[in-house]
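Text of query-v1.pdb, listed as PDB, C-alpha atoms:
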```pdb
ATOM      1  CA  MET A 247     133.871  32.261 149.702
ATOM      2  CA  ARG A 248     133.199  32.374 145.988
ATOM      3  CA  LYS A 249     129.672  33.541 146.772
ATOM      4  CA  TYR A 250     131.055  36.518 148.743
ATOM      5  CA  LYS A 251     133.449  37.418 145.911
ATOM      6  CA  LEU A 252     130.609  37.299 143.392
ATOM      7  CA  THR A 253     128.448  39.506 145.588
ATOM      8  CA  ALA A 254     131.276  42.007 145.988
ATOM      9  CA  VAL A 255     131.746  42.174 142.220
ATOM     10  CA  LEU A 256     128.027  42.746 141.668
ATOM     11  CA  ILE A 257     127.983  45.526 144.263
ATOM     12  CA  ALA A 258     131.004  47.158 142.638
ATOM     13  CA  LEU A 259     129.356  47.034 139.216
ATOM     14  CA  LEU A 260     126.154  48.472 140.669
ATOM     15  CA  LEU A 261     128.094  51.364 142.201
ATOM     16  CA  ILE A 262     129.794  52.073 138.880
ATOM     17  CA  VAL A 263     126.444  52.112 137.067
ATOM     18  CA  VAL A 264     124.889  54.354 139.702
ATOM     19  CA  GLY A 265     127.913  56.637 139.581
ATOM     20  CA  CYS A 266     127.716  56.948 135.807
ATOM     21  CA  SER A 267     123.999  57.586 136.051
ATOM     22  CA  LYS A 268     124.518  60.411 138.528
ATOM     23  CA  LYS A 269     127.248  61.909 136.374
ATOM     24  CA  ASP A 270     125.015  61.797 133.286
ATOM     25  CA  ASP A 271     122.135  63.324 135.244
ATOM     26  CA  ALA A 272     124.426  66.159 136.321
ATOM     27  CA  LYS A 273     125.404  66.822 132.705
ATOM     28  CA  VAL A 274     121.752  66.983 131.619
ATOM     29  CA  GLU A 275     120.972  69.205 134.558
ATOM     30  CA  SER A 276     123.885  71.431 133.641
ATOM     31  CA  ASN A 277     122.794  71.642 130.001
ATOM     32  CA  ALA A 278     119.203  72.281 130.985
ATOM     33  CA  GLY A 279     120.361  75.001 133.342
ATOM     34  CA  ALA A 280     122.405  76.822 130.680
ATOM     35  CA  GLU A 281     121.223  80.403 130.381
ATOM     36  CA  VAL A 282     119.219  81.161 127.232
ATOM     37  CA  LEU A 283     118.901  84.851 126.453
ATOM     38  CA  LYS A 284     115.567  85.906 124.988
ATOM     39  CA  LEU A 285     115.195  88.620 122.383
ATOM     40  CA  ASN A 286     111.972  89.942 120.873
ATOM     41  CA  VAL A 287     112.052  91.925 117.621
ATOM     42  CA  ALA A 288     109.050  93.731 116.121
ATOM     43  CA  ALA A 289     108.960  93.441 112.336
ATOM     44  CA  SER A 290     106.882  93.871 109.193
ATOM     45  CA  PRO A 291     105.838  90.469 107.796
ATOM     46  CA  SER A 292     107.944  90.654 104.629
ATOM     47  CA  PRO A 293     110.774  91.001 103.978
ATOM     48  CA  HIS A 294     111.744  91.828 107.566
ATOM     49  CA  ALA A 295     110.198  88.880 109.414
ATOM     50  CA  VAL A 296     111.292  86.536 106.621
ATOM     51  CA  ILE A 297     114.898  87.679 106.986
ATOM     52  CA  LEU A 298     114.719  87.347 110.763
ATOM     53  CA  GLU A 299     113.325  83.816 110.442
ATOM     54  CA  SER A 300     116.418  82.897 108.453
ATOM     55  CA  ILE A 301     118.683  83.632 111.442
ATOM     56  CA  VAL A 302     116.660  82.004 114.241
ATOM     57  CA  ASP A 303     118.889  78.917 114.297
ATOM     58  CA  ASP A 304     122.100  80.952 114.081
ATOM     59  CA  LEU A 305     121.075  83.014 117.083
ATOM     60  CA  ALA A 306     119.999  79.889 118.950
ATOM     61  CA  ALA A 307     123.517  78.532 118.443
ATOM     62  CA  GLU A 308     124.750  81.696 120.170
ATOM     63  CA  GLY A 309     122.402  81.144 123.120
ATOM     64  CA  ILE A 310     119.735  83.639 122.014
ATOM     65  CA  GLU A 311     116.093  82.656 121.584
ATOM     66  CA  LEU A 312     114.606  85.003 118.990
ATOM     67  CA  THR A 313     110.908  85.859 119.014
ATOM     68  CA  ILE A 314     109.535  87.752 116.017
ATOM     69  CA  THR A 315     106.413  89.847 116.618
ATOM     70  CA  GLU A 316     104.796  90.946 113.365
ATOM     71  CA  PHE A 317     103.014  94.255 112.782
ATOM     72  CA  THR A 318     101.374  95.471 109.586
ATOM     73  CA  ASP A 319     101.518  99.198 110.345
ATOM     74  CA  TYR A 320     104.336 101.738 110.699
ATOM     75  CA  VAL A 321     103.480 103.047 114.180
ATOM     76  CA  MET A 322     103.167 100.168 116.642
ATOM     77  CA  PRO A 323     106.658  98.714 116.065
ATOM     78  CA  ASN A 324     108.211 101.966 117.312
ATOM     79  CA  THR A 325     105.624 102.390 120.063
ATOM     80  CA  VAL A 326     106.249  98.981 121.653
ATOM     81  CA  VAL A 327     110.015  99.482 121.557
ATOM     82  CA  SER A 328     109.900 103.005 122.987
ATOM     83  CA  GLN A 329     107.651 101.727 125.789
ATOM     84  CA  GLY A 330     110.058  98.894 126.558
ATOM     85  CA  GLU A 331     107.634  96.093 125.680
ATOM     86  CA  ILE A 332     109.904  94.742 122.915
ATOM     87  CA  GLU A 333     113.679  95.102 122.709
ATOM     88  CA  ALA A 334     114.146  96.061 119.050
ATOM     89  CA  ASN A 335     112.368  96.581 115.766
ATOM     90  CA  TYR A 336     113.172  96.005 112.120
ATOM     91  CA  PHE A 337     110.708  97.552 109.673
ATOM     92  CA  GLN A 338     111.723 101.128 108.844
ATOM     93  CA  HIS A 339     114.363 103.252 107.154
ATOM     94  CA  GLY A 340     116.437 105.964 108.796
ATOM     95  CA  PRO A 341     114.499 109.025 107.589
ATOM     96  CA  TYR A 342     111.238 107.518 108.843
ATOM     97  CA  LEU A 343     112.766 106.901 112.287
ATOM     98  CA  ASP A 344     114.050 110.477 112.446
ATOM     99  CA  ASP A 345     110.615 111.828 111.562
ATOM    100  CA  PHE A 346     108.890 109.494 114.057
ATOM    101  CA  ASN A 347     111.215 110.566 116.880
ATOM    102  CA  ASP A 348     110.624 114.222 116.065
ATOM    103  CA  LYS A 349     106.836 113.925 115.989
ATOM    104  CA  ASN A 350     106.427 111.570 118.965
ATOM    105  CA  ASP A 351     109.101 112.853 121.343
ATOM    106  CA  THR A 352     110.893 109.490 121.295
ATOM    107  CA  ASP A 353     114.629 108.863 121.058
ATOM    108  CA  LEU A 354     115.000 105.494 119.357
ATOM    109  CA  VAL A 355     118.342 104.936 117.647
ATOM    110  CA  SER A 356     119.607 102.863 114.747
ATOM    111  CA  VAL A 357     122.161 100.199 115.660
ATOM    112  CA  GLY A 358     122.745  98.778 112.198
ATOM    113  CA  THR A 359     121.675  98.822 108.559
ATOM    114  CA  VAL A 360     120.351  95.718 106.826
ATOM    115  CA  HIS A 361     118.761  96.328 103.444
ATOM    116  CA  ILE A 362     117.131  98.651 100.942
ATOM    117  CA  GLU A 363     113.684  97.928  99.530
ATOM    118  CA  PRO A 364     113.499  99.955  96.336
ATOM    119  CA  ILE A 365     110.224 101.857  96.288
ATOM    120  CA  ALA A 366     108.552 101.463  92.905
ATOM    121  CA  ALA A 367     105.560 102.542  90.835
ATOM    122  CA  TYR A 368     103.032  99.980  89.601
ATOM    123  CA  SER A 369     100.014 100.057  87.340
ATOM    124  CA  ASN A 370      97.184  97.717  86.421
ATOM    125  CA  VAL A 371      96.450  99.604  83.207
ATOM    126  CA  LEU A 372      99.720 101.014  81.884
ATOM    127  CA  LYS A 373     102.359  98.955  80.110
ATOM    128  CA  ASN A 374     104.771 101.872  79.838
ATOM    129  CA  ILE A 375     105.140 105.043  81.893
ATOM    130  CA  ASP A 376     104.884 107.099  78.692
ATOM    131  CA  GLU A 377     101.213 106.074  78.503
ATOM    132  CA  LEU A 378     100.407 108.068  81.670
ATOM    133  CA  SER A 379      97.287 110.131  80.939
ATOM    134  CA  ASP A 380      96.745 113.844  81.472
ATOM    135  CA  GLY A 381      94.950 114.290  84.773
ATOM    136  CA  ALA A 382      95.730 110.730  85.895
ATOM    137  CA  ALA A 383      95.520 109.823  89.569
ATOM    138  CA  ILE A 384      98.737 108.658  91.222
ATOM    139  CA  ALA A 385      98.624 107.184  94.711
ATOM    140  CA  ILE A 386     101.546 107.699  97.101
ATOM    141  CA  PRO A 387     102.117 106.986 100.826
ATOM    142  CA  ASN A 388     100.674 109.607 103.172
ATOM    143  CA  ASP A 389     103.452 109.574 105.771
ATOM    144  CA  PRO A 390     106.026 112.364 105.275
ATOM    145  CA  THR A 391     109.147 110.330 104.537
ATOM    146  CA  ASN A 392     107.637 107.680 102.292
ATOM    147  CA  GLY A 393     105.471 110.264 100.564
ATOM    148  CA  ALA A 394     108.613 112.274  99.877
ATOM    149  CA  ARG A 395     110.350 109.154  98.649
ATOM    150  CA  ALA A 396     107.539 108.593  96.137
ATOM    151  CA  LEU A 397     107.674 112.211  94.979
ATOM    152  CA  LEU A 398     111.444 111.995  94.547
ATOM    153  CA  LEU A 399     110.960 108.922  92.356
ATOM    154  CA  LEU A 400     108.452 110.802  90.188
ATOM    155  CA  ASP A 401     110.808 113.793  90.020
ATOM    156  CA  ALA A 402     113.768 111.605  89.038
ATOM    157  CA  ASN A 403     111.748 110.278  86.103
ATOM    158  CA  GLY A 404     110.577 113.687  84.876
ATOM    159  CA  ILE A 405     106.910 113.206  85.766
ATOM    160  CA  ILE A 406     106.863 116.138  88.191
ATOM    161  CA  LYS A 407     109.443 118.640  89.365
ATOM    162  CA  LEU A 408     110.075 119.419  93.022
ATOM    163  CA  GLU A 409     111.428 122.623  94.461
ATOM    164  CA  ASP A 410     114.220 120.597  96.109
ATOM    165  CA  ASN A 411     114.798 117.071  94.833
ATOM    166  CA  THR A 412     117.182 116.263  97.689
ATOM    167  CA  ASN A 413     114.667 116.931 100.472
ATOM    168  CA  PRO A 414     113.902 113.626 102.289
ATOM    169  CA  VAL A 415     110.592 115.042 103.560
ATOM    170  CA  ALA A 416     109.412 116.830 100.416
ATOM    171  CA  SER A 417     105.641 117.266 100.215
ATOM    172  CA  VAL A 418     103.098 117.741  97.436
ATOM    173  CA  LYS A 419     103.160 121.460  98.273
ATOM    174  CA  GLU A 420     106.697 121.557  96.887
ATOM    175  CA  ILE A 421     105.703 120.379  93.406
ATOM    176  CA  ILE A 422     106.592 123.308  91.147
ATOM    177  CA  GLU A 423     105.923 121.617  87.802
ATOM    178  CA  ASN A 424     103.141 119.132  87.012
ATOM    179  CA  PRO A 425     102.906 119.101  83.202
ATOM    180  CA  LYS A 426     100.272 116.330  83.072
ATOM    181  CA  ASN A 427      98.126 117.919  85.813
ATOM    182  CA  LEU A 428      98.341 114.708  87.786
ATOM    183  CA  GLU A 429      96.142 114.153  90.825
ATOM    184  CA  ILE A 430      98.320 113.031  93.726
ATOM    185  CA  VAL A 431      96.295 110.783  96.038
ATOM    186  CA  GLU A 432      97.858 110.308  99.478
ATOM    187  CA  ALA A 433      96.904 107.132 101.364
ATOM    188  CA  GLU A 434      98.216 104.899 104.118
ATOM    189  CA  ALA A 435     101.176 102.940 102.775
ATOM    190  CA  ALA A 436      99.639  99.566 103.642
ATOM    191  CA  GLN A 437      96.525 100.361 101.578
ATOM    192  CA  LEU A 438      98.290 101.263  98.337
ATOM    193  CA  PRO A 439      98.229  97.788  96.721
ATOM    194  CA  ALA A 440      94.448  97.733  97.212
ATOM    195  CA  LEU A 441      94.181 101.119  95.476
ATOM    196  CA  LEU A 442      95.842  99.931  92.267
ATOM    197  CA  PRO A 443      92.520  99.258  90.478
ATOM    198  CA  ASP A 444      91.380 102.825  91.209
ATOM    199  CA  VAL A 445      94.408 104.792  89.961
ATOM    200  CA  GLU A 446      96.660 104.746  86.931
ATOM    201  CA  LEU A 447      99.796 104.514  89.039
ATOM    202  CA  ALA A 448     100.630 103.712  92.662
ATOM    203  CA  VAL A 449     104.026 104.178  94.279
ATOM    204  CA  ILE A 450     104.318 101.366  96.805
ATOM    205  CA  ASN A 451     106.864 100.564  99.496
ATOM    206  CA  GLY A 452     108.805  97.363  98.910
ATOM    207  CA  ASN A 453     107.448  95.419 101.870
ATOM    208  CA  TYR A 454     103.817  96.084 100.938
ATOM    209  CA  ALA A 455     104.513  95.366  97.275
ATOM    210  CA  ILE A 456     106.108  92.030  98.152
ATOM    211  CA  GLY A 457     103.189  91.226 100.460
ATOM    212  CA  ALA A 458     100.813  91.833  97.541
ATOM    213  CA  GLY A 459     102.776  89.519  95.256
ATOM    214  CA  LEU A 460     104.508  92.321  93.337
ATOM    215  CA  ASN A 461     108.210  92.256  92.532
ATOM    216  CA  PRO A 462     109.752  95.740  92.233
ATOM    217  CA  VAL A 463     112.287  94.546  89.674
ATOM    218  CA  GLU A 464     109.911  92.599  87.433
ATOM    219  CA  ASP A 465     106.527  94.304  87.836
ATOM    220  CA  SER A 466     107.165  98.028  88.230
ATOM    221  CA  LEU A 467     107.195 100.834  85.684
ATOM    222  CA  LEU A 468     109.557 102.980  87.782
ATOM    223  CA  ILE A 469     111.994 101.855  90.450
ATOM    224  CA  GLU A 470     114.274 103.626  92.903
ATOM    225  CA  GLY A 471     118.025 103.388  92.292
ATOM    226  CA  GLU A 472     120.486 101.465  94.466
ATOM    227  CA  ASP A 473     121.934 104.759  95.749
ATOM    228  CA  SER A 474     118.843 105.288  97.899
ATOM    229  CA  PHE A 475     119.463 106.637 101.388
ATOM    230  CA  TYR A 476     116.282 104.946 102.646
ATOM    231  CA  THR A 477     118.124 102.022 104.224
ATOM    232  CA  ASN A 478     116.172  99.723 106.536
ATOM    233  CA  ILE A 479     117.597  99.512 110.028
ATOM    234  CA  ILE A 480     117.439  97.794 113.407
ATOM    235  CA  ALA A 481     116.207 100.324 116.008
ATOM    236  CA  VAL A 482     116.320 100.202 119.817
ATOM    237  CA  LYS A 483     116.091 102.442 122.848
ATOM    238  CA  PRO A 484     119.445 104.185 123.484
ATOM    239  CA  GLU A 485     120.068 102.217 126.681
ATOM    240  CA  ASN A 486     119.822  98.953 124.727
ATOM    241  CA  ALA A 487     122.320  99.884 122.031
ATOM    242  CA  GLU A 488     125.157  98.073 123.827
ATOM    243  CA  ASP A 489     123.071  95.082 124.926
ATOM    244  CA  PRO A 490     125.010  91.884 124.029
ATOM    245  CA  ARG A 491     121.846  90.393 122.507
ATOM    246  CA  ILE A 492     121.477  93.362 120.163
ATOM    247  CA  LYS A 493     125.151  93.266 119.202
ATOM    248  CA  LYS A 494     124.893  89.573 118.400
ATOM    249  CA  LEU A 495     121.728  90.212 116.365
ATOM    250  CA  ILE A 496     123.567  92.787 114.256
ATOM    251  CA  GLU A 497     126.576  90.514 113.835
ATOM    252  CA  VAL A 498     124.442  87.625 112.605
ATOM    253  CA  ILE A 499     122.060  89.600 110.387
ATOM    254  CA  GLN A 500     124.965  91.374 108.655
ATOM    255  CA  SER A 501     126.651  88.093 107.719
ATOM    256  CA  ASP A 502     127.499  86.820 104.256
ATOM    257  CA  SER A 503     124.967  84.007 104.655
ATOM    258  CA  VAL A 504     122.165  86.543 105.149
ATOM    259  CA  LYS A 505     123.399  88.517 102.155
ATOM    260  CA  ASP A 506     123.167  85.330 100.077
ATOM    261  CA  PHE A 507     119.732  84.532 101.527
ATOM    262  CA  ILE A 508     118.375  87.972 100.603
ATOM    263  CA  ALA A 509     119.688  87.673  97.050
ATOM    264  CA  GLU A 510     118.198  84.202  96.584
ATOM    265  CA  GLU A 511     114.884  84.837  98.337
ATOM    266  CA  PHE A 512     113.961  88.254  96.930
ATOM    267  CA  LYS A 513     115.571  88.300  93.472
ATOM    268  CA  GLY A 514     116.574  91.977  93.614
ATOM    269  CA  ALA A 515     113.398  93.211  95.295
ATOM    270  CA  VAL A 516     115.489  93.601  98.464
ATOM    271  CA  ILE A 517     119.109  94.773  98.331
ATOM    272  CA  PRO A 518     121.600  94.107 101.169
ATOM    273  CA  ALA A 519     123.007  97.335 102.631
ATOM    274  CA  PHE A 520     125.959  96.052 104.667
TER     275      PHE A 520
END
```

In structure tokens, how does this file's structure come out?
Amino acid sequence: MRKYKLTAVLIALLLIVVGCSKKDDAKVESNAGAEVLKLNVAASPSPHAVILESIVDDLAAEGIELTITEFTDYVMPNTVVSQGEIEANYFQHGPYLDDFNDKNDTDLVSVGTVHIEPIAAYSNVLKNIDELSDGAAIAIPNDPTNGARALLLLDANGIIKLEDNTNPVASVKEIIENPKNLEIVEAEAAQLPALLPDVELAVINGNYAIGAGLNPVEDSLLIEGEDSFYTNIIAVKPENAEDPRIKKLIEVIQSDSVKDFIAEEFKGAVIPAF
């Protein structure tokens, strides 16, 4: 009789263990089956990809797996988004996007601002901008909006005078005064750091300056003011503007923690714009 009672107890315990095991397996299965939303963002290596890396865990906590695809040029990030290969990009300012849409018959839209990278002028030979020689060569970006941005910086510092110093797409043809007879050399933005040894001055976009180990605040002779309207943005196709993944991306990247990260990481070379 005692033997039967002992057997019954053992069977009961075994059933409890099996039951718990099944329940635990169900929980794991449920967790494993939880939907994870994937989001791919095209970005310049720095500061854009660096800033995105800082929010990977925050987005993961919201159920979004962020992939960052890096590009070193200013064309492919818009191309892959407009073609639907990648959901969003983060590398450009508003005026550049407007110009790109106009020239390429695309309709990408901004869904949020993130930061300003002050464009700045650097030199390997000058210690002060007053030392700029007559006939000196100055390199600037060759795309319309960033070239204009460089010209506006030179205008603001009295080096040249433009016909309209509020024109976001001003060109070298609109220089009406050039007292030092400067030679304006237009080159692809990404190549400007490499041109520094060949010119007296180069006006370089913030991301390419940072990538070359230059800090706009510490190393430049001229720097754009904080009132710049060249704010870097997140851009998407219009139909993706209301996508919950995009909305969550904007919410997280415009947080106080990201603002603090930008200030600590870039020491003024990147300025939060939210």

Problem set entry | Among listed residues A:Glu470, A:Asp348, A:Asp401, A:Asp489, nearest Gly514 of chain A (using all atoms listed in the file) | A:Glu470

Per-axis box centre and lengths in Å around segment 380-393 of chain A, 6 Å margin per side, axis-aligned, as JSON:
```
{"center_x": 102.0, "center_y": 110.6, "center_z": 93.6, "size_x": 26.2, "size_y": 19.3, "size_z": 36.3}
```

Exercise. Quick one: residues within 10 Å of Gly381 of chain A, only C-alpha atoms counted, chain neighbours fewer than 4 positions away excluded, as a VMD selection string?
Worked result: chain A and resid 424 to 430 446

Exercise. Using only C-alpha atoms, which residues sit within 8 Å of segment 308-310 of chain A once same-chain residues fewer than 2 positions away are excluded, as a list of chain:residue names?
Worked result: A:Glu281, A:Val282, A:Leu283, A:Lys284, A:Leu285, A:Asp304, A:Leu305, A:Ala306, A:Leu312, A:Arg491

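Distances from A:Leu468, A:Ile517, A:Leu398, A:Ala458 to Lys373 of chain A were compared using only C-alpha atoms, and the smallest one belongs to A:Leu468.
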
Please rebuild segment 277-297 of chain A with N, CA and C atoms and give the result as a compact mmCIF listing (two decimals), keeping the file's coordinate frame.
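Below you can see part02.txt, which holds the result:
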```
# COMPACT_ATOMS: atom_id res chain seq x y z
N ASN A 277 123.21 71.14 131.31
CA ASN A 277 122.79 71.64 130.00
C ASN A 277 121.44 72.32 130.08
N ALA A 278 120.54 71.70 130.85
CA ALA A 278 119.20 72.28 130.99
C ALA A 278 119.25 73.62 131.69
N GLY A 279 120.25 73.76 132.58
CA GLY A 279 120.36 75.00 133.34
C GLY A 279 121.13 76.09 132.64
N ALA A 280 121.65 75.81 131.41
CA ALA A 280 122.40 76.82 130.68
C ALA A 280 121.49 78.01 130.37
N GLU A 281 122.03 79.20 130.56
CA GLU A 281 121.22 80.40 130.38
C GLU A 281 120.91 80.64 128.91
N VAL A 282 119.65 80.81 128.58
CA VAL A 282 119.22 81.16 127.23
C VAL A 282 118.70 82.59 127.27
N LEU A 283 119.31 83.46 126.49
CA LEU A 283 118.90 84.85 126.45
C LEU A 283 117.76 85.01 125.46
N LYS A 284 116.72 85.71 125.85
CA LYS A 284 115.57 85.91 124.99
C LYS A 284 115.60 87.29 124.36
N LEU A 285 115.21 87.35 123.11
CA LEU A 285 115.20 88.62 122.38
C LEU A 285 113.95 88.67 121.51
N ASN A 286 113.19 89.75 121.66
CA ASN A 286 111.97 89.94 120.87
C ASN A 286 112.19 91.10 119.90
N VAL A 287 111.89 90.88 118.63
CA VAL A 287 112.05 91.92 117.62
C VAL A 287 110.73 92.13 116.90
N ALA A 288 110.25 93.38 116.86
CA ALA A 288 109.05 93.73 116.12
C ALA A 288 109.42 93.93 114.65
N ALA A 289 108.60 93.39 113.75
CA ALA A 289 108.96 93.44 112.34
C ALA A 289 107.73 93.45 111.44
N SER A 290 107.90 94.02 110.24
CA SER A 290 106.88 93.87 109.19
C SER A 290 106.96 92.44 108.68
N PRO A 291 105.84 91.88 108.21
CA PRO A 291 105.84 90.47 107.80
C PRO A 291 106.88 90.12 106.74
N SER A 292 106.97 90.94 105.68
CA SER A 292 107.94 90.65 104.63
C SER A 292 108.47 91.97 104.07
N PRO A 293 109.78 92.07 103.87
CA PRO A 293 110.77 91.00 103.98
C PRO A 293 111.38 90.84 105.37
N HIS A 294 111.04 91.76 106.28
CA HIS A 294 111.74 91.83 107.57
C HIS A 294 111.62 90.54 108.38
N ALA A 295 110.39 90.09 108.62
CA ALA A 295 110.20 88.88 109.41
C ALA A 295 110.80 87.66 108.71
N VAL A 296 110.72 87.65 107.39
CA VAL A 296 111.29 86.54 106.62
C VAL A 296 112.81 86.47 106.82
N ILE A 297 113.45 87.63 106.78
CA ILE A 297 114.90 87.68 106.99
C ILE A 297 115.25 87.27 108.41
```
